[in-house]
Each structure stands twice: as C-alpha cells, then as structure tokens.
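Containing mmCIF, C-alpha atoms: input30.cif.
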data_my_file
loop_
_atom_site.label_atom_id
_atom_site.label_comp_id
_atom_site.auth_asym_id
_atom_site.auth_seq_id
_atom_site.Cartn_x
_atom_site.Cartn_y
_atom_site.Cartn_z
CA MET A 1 -34.62 32.19 -149.33
CA LEU A 2 -33.29 30.99 -146.10
CA VAL A 3 -34.68 27.88 -144.51
CA GLU A 4 -34.61 27.68 -140.50
CA GLN A 5 -32.71 24.64 -139.34
CA PRO A 6 -34.04 22.72 -136.30
CA VAL A 7 -31.95 22.84 -132.95
CA PRO A 8 -30.20 19.54 -132.42
CA ARG A 9 -31.12 17.61 -129.15
CA ARG A 10 -28.38 16.98 -126.51
CA GLN A 11 -27.31 13.48 -126.05
CA GLY A 12 -27.67 11.89 -122.56
CA ARG A 13 -29.58 12.84 -119.33
CA PRO A 14 -30.12 16.44 -118.24
CA ARG A 15 -27.44 17.92 -115.88
CA TRP A 16 -29.73 18.41 -112.86
CA ARG A 17 -30.58 14.76 -112.77
CA VAL A 18 -26.94 13.82 -112.68
CA LEU A 19 -26.30 16.15 -109.75
CA LEU A 20 -29.28 14.76 -107.88
CA ALA A 21 -28.01 11.23 -108.32
CA LEU A 22 -24.58 12.19 -107.03
CA VAL A 23 -26.05 13.82 -103.94
CA VAL A 24 -28.10 10.71 -103.17
CA VAL A 25 -25.06 8.48 -103.53
CA ALA A 26 -22.96 10.76 -101.28
CA LEU A 27 -25.64 10.82 -98.59
CA TRP A 28 -25.88 7.05 -98.67
CA VAL A 29 -22.10 6.69 -98.31
CA HIS A 30 -22.03 9.12 -95.34
CA TRP A 31 -24.89 7.26 -93.69
CA VAL A 32 -22.99 3.97 -93.98
CA LEU A 33 -19.83 5.51 -92.53
CA LEU A 34 -21.65 7.08 -89.60
CA ARG A 35 -23.34 3.77 -88.85
CA SER A 36 -20.00 2.01 -88.67
CA ALA A 37 -18.53 4.77 -86.48
CA ALA A 38 -21.42 4.51 -84.05
CA VAL A 39 -20.82 0.81 -83.61
CA THR A 40 -17.05 1.24 -83.22
CA TRP A 41 -17.12 4.04 -80.54
CA GLY A 42 -20.19 2.85 -78.70
CA GLY A 43 -18.16 1.65 -75.70
CA ALA A 44 -16.41 4.97 -75.15
CA ASP A 45 -19.63 6.92 -75.61
CA ALA A 46 -21.44 4.65 -73.17
CA ALA A 47 -18.76 5.24 -70.54
CA LEU A 48 -19.31 8.98 -70.83
CA ALA A 49 -23.11 8.76 -71.16
CA PRO A 50 -25.41 9.47 -68.19
CA ALA A 51 -25.73 5.73 -67.59
CA ALA A 52 -23.52 6.18 -64.47
CA SER A 53 -26.54 5.63 -62.26
CA VAL A 54 -26.62 1.98 -63.32
CA GLN A 55 -22.91 1.69 -62.58
CA VAL A 56 -23.30 3.26 -59.10
CA ARG A 57 -25.94 0.71 -58.20
CA THR A 58 -23.56 -2.04 -59.25
CA VAL A 59 -20.83 -0.73 -56.86
CA GLN A 60 -23.27 -0.38 -53.97
CA SER A 61 -24.40 -3.97 -54.32
CA SER A 62 -20.82 -5.24 -53.79
CA PRO A 63 -19.38 -5.28 -50.22
CA PRO A 64 -17.01 -2.41 -49.33
CA PRO A 65 -13.29 -3.23 -49.27
CA PRO A 66 -11.84 -4.04 -45.82
CA PRO A 67 -10.05 -1.14 -44.09
CA LEU A 68 -6.30 -1.18 -44.47
CA ALA A 69 -4.09 -1.25 -41.38
CA ALA A 70 -2.13 1.91 -40.55
CA ALA A 71 1.19 0.21 -41.24
CA THR A 72 -0.09 -1.04 -44.64
CA VAL A 73 -1.30 2.42 -45.62
CA ALA A 74 2.06 3.91 -44.59
CA ALA A 75 3.89 1.28 -46.62
CA GLN A 76 1.72 1.92 -49.68
CA GLN A 77 2.26 5.66 -49.37
CA ALA A 78 6.04 5.19 -49.05
CA ALA A 79 6.23 2.79 -52.02
CA PRO A 80 6.50 4.34 -55.52
CA PRO A 81 3.16 4.40 -57.34
CA PRO A 82 2.77 1.63 -59.90
CA ALA A 83 2.82 2.63 -63.54
CA ARG A 84 -0.70 3.14 -64.85
CA PRO A 85 -1.54 1.16 -67.98
CA ARG A 86 -2.58 3.11 -71.01
CA PRO A 87 -6.34 3.41 -71.44
CA ARG A 88 -7.67 0.88 -73.88
CA VAL A 89 -10.79 1.42 -75.93
CA SER A 90 -13.16 -1.41 -75.37
CA PRO A 91 -16.84 -1.89 -76.09
CA ARG A 92 -17.18 -3.29 -72.52
CA VAL A 93 -18.72 -0.83 -70.06
CA VAL A 94 -16.39 -0.19 -67.06
CA SER A 95 -17.66 1.58 -63.94
CA PRO A 96 -15.46 4.59 -63.05
CA ALA A 97 -16.07 4.00 -59.30
CA ALA A 98 -15.02 0.37 -59.57
CA ALA A 99 -11.91 1.35 -61.52
CA ALA A 100 -10.90 3.77 -58.72
CA LEU A 101 -10.76 1.04 -56.03
CA PRO A 102 -7.16 0.24 -54.91
CA ALA A 103 -5.68 -3.03 -55.95
CA PRO A 104 -5.02 -5.60 -53.18
CA PRO A 105 -1.56 -5.10 -51.63
CA PRO A 106 1.10 -7.67 -52.48
CA ALA A 107 2.07 -10.37 -49.99
CA ALA A 108 5.14 -8.43 -48.78
CA VAL A 109 2.97 -5.44 -47.80
CA GLN A 110 0.39 -7.62 -46.08
CA GLU A 111 3.09 -9.00 -43.80
CA LEU A 112 4.22 -5.52 -42.70
CA PRO A 113 1.80 -5.15 -39.76
CA GLN A 114 3.18 -8.27 -38.05
CA GLN A 115 6.75 -7.18 -38.75
CA ALA A 116 6.05 -3.66 -37.48
CA VAL A 117 4.68 -4.76 -34.08
CA PRO A 118 8.07 -4.76 -32.23
CA ALA A 119 9.05 -1.39 -33.70
CA LEU A 120 5.65 0.07 -32.83
CA SER A 121 5.89 -1.25 -29.27
CA ALA A 122 9.38 0.24 -28.92
CA THR A 123 8.10 3.60 -30.17
CA LEU A 124 5.21 3.61 -27.71
CA VAL A 125 7.50 2.67 -24.85
CA ALA A 126 9.97 5.39 -25.90
CA SER A 127 7.17 8.03 -25.94
CA ALA A 128 5.74 6.90 -22.62
CA ASP A 129 6.31 8.80 -19.29
CA ALA A 130 9.84 8.09 -17.87
CA SER A 131 8.58 7.35 -14.35
CA VAL A 132 6.13 4.73 -15.66
CA GLU A 133 8.93 2.98 -17.53
CA LEU A 134 11.17 3.10 -14.42
CA VAL A 135 8.51 1.57 -12.20
CA ALA A 136 7.73 -1.14 -14.76
CA VAL A 137 11.41 -2.08 -14.85
CA ALA A 138 11.63 -2.03 -11.06
CA ALA A 139 8.55 -4.22 -10.70
CA HIS A 140 10.04 -6.68 -13.18
CA ARG A 141 13.27 -6.76 -11.23
CA VAL A 142 11.45 -7.38 -7.97
CA GLY A 143 9.69 -10.35 -9.53
CA ALA A 144 12.97 -11.64 -10.97
CA GLU A 145 14.85 -11.34 -7.68
CA PRO A 146 14.97 -14.22 -5.19
CA GLU A 147 12.74 -13.70 -2.20
CA LEU A 148 14.35 -11.14 0.09
CA PRO A 149 15.17 -12.47 3.55
CA ILE A 150 13.43 -11.34 6.73
CA TYR A 151 16.07 -10.20 9.24
CA ARG A 152 15.99 -9.97 12.98
CA THR A 153 16.18 -6.36 14.17
CA VAL A 154 17.02 -4.42 17.31
CA MET A 155 15.74 -0.86 17.05
CA PRO A 156 18.03 1.92 18.27
CA PRO A 157 16.64 4.31 20.89
CA ALA A 158 15.41 7.81 20.11
CA VAL A 159 18.29 9.96 18.94
CA THR A 160 19.26 13.17 17.14
CA LEU A 161 22.27 13.07 14.86
CA ARG A 162 23.82 16.29 13.54
CA TYR A 163 25.95 16.16 10.42
CA ALA A 164 28.11 18.32 8.20
CA LEU A 165 26.39 18.26 4.80
CA GLN A 166 28.20 18.36 1.46
CA ARG A 167 26.69 18.34 -2.05
CA GLY A 168 29.14 19.18 -4.81
CA LEU A 169 30.46 22.67 -4.08
CA TRP A 170 27.70 23.37 -1.54
CA SER A 171 28.18 22.75 2.16
CA GLY A 172 25.87 23.12 5.11
CA THR A 173 24.38 21.18 8.01
CA GLY A 174 22.03 18.24 8.32
CA GLU A 175 20.00 16.84 11.20
CA LEU A 176 18.53 13.35 11.46
CA THR A 177 15.99 12.63 14.18
CA TRP A 178 14.70 9.17 15.03
CA ARG A 179 11.60 9.00 17.24
CA PRO A 180 10.14 5.54 18.01
CA SER A 181 7.03 5.59 20.21
CA GLY A 182 5.28 2.30 20.98
CA ASP A 183 4.22 0.75 17.69
CA ARG A 184 4.82 3.97 15.71
CA TYR A 185 7.84 5.93 14.60
CA GLU A 186 8.90 9.05 12.75
CA ALA A 187 12.25 9.76 11.12
CA ARG A 188 13.13 13.21 9.77
CA LEU A 189 16.14 14.53 7.88
CA GLU A 190 16.58 18.26 7.23
CA GLY A 191 19.40 19.93 5.33
CA HIS A 192 20.36 23.60 5.40
CA VAL A 193 22.78 25.54 3.21
CA ALA A 194 23.58 29.19 4.03
CA GLY A 195 20.58 29.30 6.35
CA LEU A 196 18.19 28.02 3.66
CA ARG A 197 16.44 24.69 4.10
CA VAL A 198 17.19 22.74 0.94
CA LEU A 199 16.01 19.24 1.92
CA THR A 200 13.23 17.77 4.06
CA GLN A 201 12.57 14.04 4.17
CA VAL A 202 10.04 12.46 6.54
CA SER A 203 9.30 8.76 7.04
CA GLN A 204 6.35 7.67 9.17
CA GLY A 205 4.94 4.27 9.97
CA GLY A 206 5.16 1.38 12.40
CA PHE A 207 6.87 -1.97 12.91
CA ASP A 208 6.31 -5.56 11.81
CA ARG A 209 8.21 -8.84 11.85
CA ALA A 210 10.62 -7.47 9.20
CA GLY A 211 11.52 -4.40 11.28
CA ILE A 212 10.59 -0.88 10.23
CA ALA A 213 7.32 -0.78 8.26
CA PRO A 214 6.89 2.63 6.59
CA LEU A 215 3.44 3.90 5.72
CA ARG A 216 4.29 7.22 4.09
CA PHE A 217 7.47 8.89 2.90
CA THR A 218 7.67 12.51 1.75
CA ASP A 219 10.54 14.27 0.00
CA GLN A 220 10.73 18.01 -0.57
CA ARG A 221 13.59 19.92 -2.16
CA VAL A 222 14.14 23.67 -2.24
CA ARG A 223 11.46 25.48 -4.29
CA ARG A 224 9.83 22.23 -5.34
CA ALA A 225 6.57 20.53 -4.48
CA VAL A 226 6.36 17.68 -1.99
CA ASN A 227 6.52 14.17 -3.48
CA ALA A 228 5.26 11.16 -1.56
CA ALA A 229 5.42 7.36 -1.56
CA ASN A 230 2.51 5.53 0.08
CA PHE A 231 2.93 2.01 1.46
CA GLN A 232 -0.59 0.57 1.12
CA ARG A 233 0.00 -2.53 3.19
CA ASP A 234 -3.64 -3.57 3.23
CA LYS A 235 -3.55 -3.71 -0.59
CA GLY A 236 0.02 -4.95 -0.94
CA LYS A 237 1.23 -2.15 -3.20
CA LEU A 238 3.24 1.07 -3.36
CA THR A 239 1.70 4.17 -4.91
CA TYR A 240 3.05 7.65 -5.52
CA SER A 241 1.68 11.18 -5.42
CA GLY A 242 3.30 12.15 -8.73
CA PRO A 243 3.40 9.35 -11.33
CA ALA A 244 0.24 7.27 -11.58
CA THR A 245 2.08 3.99 -11.09
CA GLU A 246 2.04 1.07 -8.70
CA VAL A 247 4.73 -1.29 -7.43
CA PRO A 248 4.18 -4.53 -5.52
CA LEU A 249 4.92 -4.04 -1.83
CA VAL A 250 7.78 -6.36 -0.87
CA PRO A 251 8.12 -7.52 2.76
CA GLY A 252 10.76 -5.44 4.54
CA ALA A 253 10.54 -2.60 1.96
CA GLN A 254 12.03 0.71 3.09
CA ASP A 255 12.11 4.29 1.86
CA ARG A 256 15.06 6.57 1.11
CA LEU A 257 15.32 7.61 4.75
CA SER A 258 14.23 4.63 6.84
CA TRP A 259 16.84 2.35 5.25
CA MET A 260 19.58 3.92 7.39
CA ILE A 261 17.77 3.01 10.61
CA GLN A 262 16.74 -0.40 9.29
CA LEU A 263 20.33 -1.28 8.37
CA ALA A 264 21.49 -0.26 11.84
CA ALA A 265 18.72 -2.38 13.40
CA VAL A 266 19.69 -5.47 11.35
CA ILE A 267 23.41 -5.21 12.11
CA GLY A 268 22.58 -4.49 15.75
CA ALA A 269 20.64 -7.77 15.94
CA GLU A 270 23.14 -9.76 13.84
CA PRO A 271 26.59 -8.15 14.30
CA GLN A 272 28.26 -11.14 12.64
CA ARG A 273 27.17 -9.63 9.32
CA ALA A 274 29.76 -6.85 9.85
CA ALA A 275 32.49 -9.18 8.64
CA PRO A 276 33.87 -10.34 5.27
CA GLY A 277 31.04 -11.93 3.29
CA GLY A 278 28.37 -10.12 5.28
CA LYS A 279 25.40 -8.84 3.31
CA VAL A 280 22.04 -7.18 3.88
CA ALA A 281 19.48 -6.77 1.06
CA MET A 282 16.27 -4.76 1.14
CA PHE A 283 13.84 -3.14 -1.25
CA VAL A 284 14.10 0.68 -1.21
CA THR A 285 11.86 3.25 -2.88
CA GLY A 286 12.01 7.01 -3.27
CA ALA A 287 9.12 9.42 -3.59
CA ARG A 288 9.43 9.58 -7.39
CA ALA A 289 8.85 5.88 -8.08
CA ASP A 290 12.60 5.15 -8.12
CA ALA A 291 12.30 1.70 -6.58
CA ASP A 292 14.84 -1.12 -6.61
CA VAL A 293 16.65 -3.68 -4.48
CA TRP A 294 19.56 -2.32 -2.48
CA ALA A 295 22.09 -4.99 -1.51
CA PHE A 296 24.68 -3.81 1.04
CA ASP A 297 27.95 -5.75 1.19
CA PHE A 298 30.47 -5.49 3.99
CA VAL A 299 33.59 -3.70 2.74
CA ALA A 300 35.98 -3.23 5.67
CA SER A 301 36.46 -1.80 9.14
CA GLU A 302 37.63 1.79 8.79
CA THR A 303 38.40 4.78 10.96
CA VAL A 304 36.27 7.84 10.32
CA GLN A 305 37.45 11.27 11.46
CA THR A 306 34.58 13.33 12.84
CA GLU A 307 34.36 16.63 14.69
CA SER A 308 33.83 14.67 17.90
CA GLY A 309 36.89 12.46 17.29
CA ALA A 310 37.92 9.32 15.46
CA VAL A 311 35.33 6.56 15.15
CA ASN A 312 36.05 2.90 14.46
CA ALA A 313 33.29 2.10 12.00
CA VAL A 314 32.23 -0.75 9.74
CA LYS A 315 31.69 0.13 6.09
CA PHE A 316 28.93 -1.27 3.86
CA ALA A 317 28.43 -0.38 0.20
CA ARG A 318 25.73 -0.78 -2.38
CA GLU A 319 27.03 -0.85 -5.95
CA PRO A 320 25.06 0.50 -8.95
CA ARG A 321 23.09 -2.09 -10.92
CA ARG A 322 22.57 -0.07 -14.12
CA PRO A 323 23.65 3.24 -15.71
CA TYR A 324 22.77 6.36 -13.69
CA ASP A 325 22.03 4.25 -10.64
CA THR A 326 22.89 5.29 -7.08
CA GLN A 327 26.03 4.12 -5.34
CA VAL A 328 25.66 4.10 -1.56
CA GLU A 329 28.45 3.98 1.02
CA VAL A 330 27.71 4.03 4.73
CA TRP A 331 29.89 3.79 7.84
CA LEU A 332 28.17 2.42 10.94
CA ASP A 333 29.38 2.97 14.50
CA PRO A 334 29.09 -0.12 16.74
CA ALA A 335 29.35 2.16 19.81
CA ARG A 336 26.31 4.15 18.68
CA HIS A 337 23.86 1.30 17.94
CA TYR A 338 25.33 0.99 14.44
CA LEU A 339 23.86 4.32 13.45
CA PRO A 340 25.60 6.00 10.49
CA VAL A 341 28.47 8.34 11.32
CA ARG A 342 29.08 8.90 7.62
CA ALA A 343 26.95 8.33 4.53
CA LYS A 344 27.72 9.05 0.90
CA MET A 345 25.39 8.68 -2.10
CA THR A 346 26.62 9.18 -5.67
CA THR A 347 24.65 8.94 -8.89
CA ALA A 348 26.82 7.13 -11.45
CA PRO A 349 28.74 7.84 -13.50
CA ASP A 350 29.51 11.54 -12.98
CA GLY A 351 26.90 12.84 -10.55
CA ASP A 352 27.66 14.99 -7.52
CA ALA A 353 27.94 13.12 -4.24
CA PHE A 354 25.63 13.84 -1.33
CA GLU A 355 27.54 13.28 1.90
CA LEU A 356 26.80 13.41 5.62
CA LEU A 357 29.59 13.40 8.24
CA LEU A 358 28.78 13.21 11.95
CA ARG A 359 29.35 16.29 14.08
CA ASP A 360 27.64 15.17 17.30
CA MET A 361 24.89 12.91 18.61
CA GLN A 362 22.27 13.47 21.32
#

In structure tokens, what does this structure look like?
Amino acid sequence: MLVEQPVPRRQGRPRWRVLLALVVVALWVHWVLLRSAAVTWGGADAALAPAASVQVRTVQSSPPPPPLAAATVAAQQAAPPPARPRPRVSPRVVSPAAAALPAPPPAAVQELPQQAVPALSATLVASADASVELVAVAAHRVGAEPELPIYRTVMPPAVTLRYALQRGLWSGTGELTWRPSGDRYEARLEGHVAGLRVLTQVSQGGFDRAGIAPLRFTDQRVRRAVNAANFQRDKGKLTYSGPATEVPLVPGAQDRLSWMIQLAAVIGAEPQRAAPGGKVAMFVTGARADADVWAFDFVASETVQTESGAVNAVKFAREPRRPYDTQVEVWLDPARHYLPVRAKMTTAPDGDAFELLLRDMQ
C-alpha cells in the first residue's frame, strides 16, 4: 500500500515579491537621477523657457546704447569680426537681448572720427561743384593779397576797333566798340567766323574814383546760354547767373572785357608806367565765377605789324598764377589813347590762344 508523501515547501520569498521589490528600487534610483539632472540643467532650461518677458523688461529698464558715429561703424564693419567664445553652460540666467548688444569699441576705433575729419573734408570738397571751389579759392586770394591800388585814369573817347580774330585753326573778324556817355558806358565785343557769330561780350556800368565801374557783364558763346556777372556795389559783392556763389567786390574790379579799356585809361593817365618796372594790378572776373587778380607788368616797346601799317606799341603781360590759368599779352598804342592794337590770351599749359590783331580804327 502506497502512502502519499507531502509536497515540500520552497525556501525563501515568493518570486512576485522579489520582482516588486526590484521595480520599486529601480523607480527610486531613476527618481534620484532625474532630480539631479533637473538641478544640473536648470540654467539652460530657464534660458529657453518662456521667462523671456522678464528678461525683456530688464533690457527696457536700462538706457539704450549711444549711437555710433558713421566713421566708427565703417571701421567696425571693415575690421575682422572677433572670435566668438564657446557657449558655456551656467546656472545664471542671461538675457538673449542683452547678449546681442555690441561690445564697446576699443580706444583705437573711438579715435577714428577725429582722425577721419580731414579726409572727410577733402572728400566733400572734391565732390563739391567746381565753380564753388574756384570762387572760394579766388575769395581767399583776394583776402590774402595786399590792398590793390587806386589809379588815376583818363578815359579814351568813343571808338570802334576792328580786328582780325584767330582761335586755334579758326580765323574770322572781331569788333570792339566803346561808348561812354556821361556817367554811363557800354563796351561790346563781337566775334564772327565764316559769317557765324561765335562770341558776344557786353560790359555795362558807370564810373567811380577807380575808373570804370562795371555793373553787369554778359558772355555768350556759339550755341550756349548767356552767362552773367553782377557787380552789386550797394552790397559789396559779385554774384553770378550760373553758380550760386558770391565774391567780395574789390575796389577797381573789372570784367573780362572792361579790363582792356581800364588798362588803357590807367596808362593814359600815368604813361610813366609804360617803362621797365611799370606795373598795373586789378581784380578781374569772368561770367563763370573765374575771378582773380591780374597783374600786368611792362615787358618792352615793340613794333606790331597791322593791316593799317606798323605800330610802335608798348607790351604788358600777365603771367599765370596756377595751373590752367590764363596768360594775357597786350600791346597798347600810345597814338591811339593806349587802346590795344593786339591782344593774346592763352590758357596754360597747352590751350589754344585767342588773338586779336588791329585792322582799322574809327
């Protein structure tokens, strides 16, 4: 007879309890690790969190940076960008807007605006209108010159002078008329080439203690508009129809036509100046603001061959004072009230000469 043996009991805890304990331990370990990670990366998470509104208010409360000068900005743009430091993880909260502000420029860059002033001025002057620059230089020269003398004058009578005209390869005729009437005058020079009028200059005005006192001078070339110089004697200045410039009005100032009559009037009153060492200086302006002092020096007594015969003349010359200036040579006839029997104007250094040679006088 068989006897049933009892089932032996397993030693230790049941398996499900062991698994439960392991799960609890694992969860506790993960919780500890996540807690530590949250503390370690809190700074980076805070920088990316929507707490930017607090940071924006912090930037607004600080004053805005001063505007940088144009020269400083240009220097910063030209300089190579500084190397950016590697981002560093920090628990400190940094505002992205504050981090984007430019760093203060170094001392060398801050000094650039003062160093750039001369170069900037030179650039502005170089880009300015050429006539304005010319008048500014002329006005400076007038102020730097010694006071021009006031000469005695004897005005020549009314006359018409006819010339042979030469300009480079072109030749034609010219006519100069001088019409004084009481306290007024008008001088006119017209040039014709092949029947076409290529030049008209008119000087109008009166007289004062310095001699001829122009009020208006006009200059018109073929197919070009009329340019004018206005002698505003009540305001003591010269103005022009083209460039918006002004020049101080110097006593005895002449225009590009009246100077020929004025020179004749001065030598007619003081013929001793037509000798070695003789000199006559006057301020002369054109219609395009080309104003400067013209100083005529006696050169020599010369014979000039004209269509009406040989003339014993006295020669005066004005030498250029700067590049591309005008050289003037004029021969005056003592028998004709020292009016010019020949005149030659050349723009240095290689310009064509404009020349008048007397044909007859009425």

Using all atoms listed in the file, find each residue of segment 229-268 of chain A with at least one atom at most 9 Å away from an atom of segment 217-224 of chain A; report its shortest atom-to-atom pair and that distance in Å (one decimal), sort the rows by chain and rising residue number, and return the result as JSON lines.
{"residue": "A:Ala229", "atom": "CA", "partner": "A:Phe217", "partner_atom": "CA", "distance": 5.1}
{"residue": "A:Asn230", "atom": "CA", "partner": "A:Phe217", "partner_atom": "CA", "distance": 6.6}
{"residue": "A:Phe231", "atom": "CA", "partner": "A:Phe217", "partner_atom": "CA", "distance": 8.4}
{"residue": "A:Asp255", "atom": "CA", "partner": "A:Phe217", "partner_atom": "CA", "distance": 6.6}
{"residue": "A:Arg256", "atom": "CA", "partner": "A:Phe217", "partner_atom": "CA", "distance": 8.1}
{"residue": "A:Leu257", "atom": "CA", "partner": "A:Phe217", "partner_atom": "CA", "distance": 8.2}
{"residue": "A:Ser258", "atom": "CA", "partner": "A:Phe217", "partner_atom": "CA", "distance": 8.9}

In Å and to one decimal, atom CA of Met155 of chain A is distant from atom CA of Thr347 of chain A by 29.1 Å

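Near Pro340 of chain A, within 7 Å and counting all atoms listed in the file, sit Val330, Trp331, Leu332, Asp333 and Ala343 of chain A, not including residues fewer than 3 positions from it in the same chain.
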
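Near segment 297-300 of chain A, within a cut-off of 6 Å and counting only C-alpha atoms, sit the residues Gly278, Lys279, Lys315, Phe316 and Ala317 of chain A, with same-chain residues fewer than 5 positions away left out.
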
message: Measuring between all atoms listed in the file, which one of A:Arg216, A:His337, A:Arg179, A:Arg152 shows the shortest distance to Ala269 of chain A?
response: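 Ranking A:Arg216, A:His337, A:Arg179, A:Arg152 by distance to Ala269 of chain A, first place goes to A:Arg152.
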
One residue among A:Trp259, A:Ile150, A:Asp290, A:Val280 is nearest to Thr245 of chain A when using only C-alpha atoms, and that residue is A:Asp290
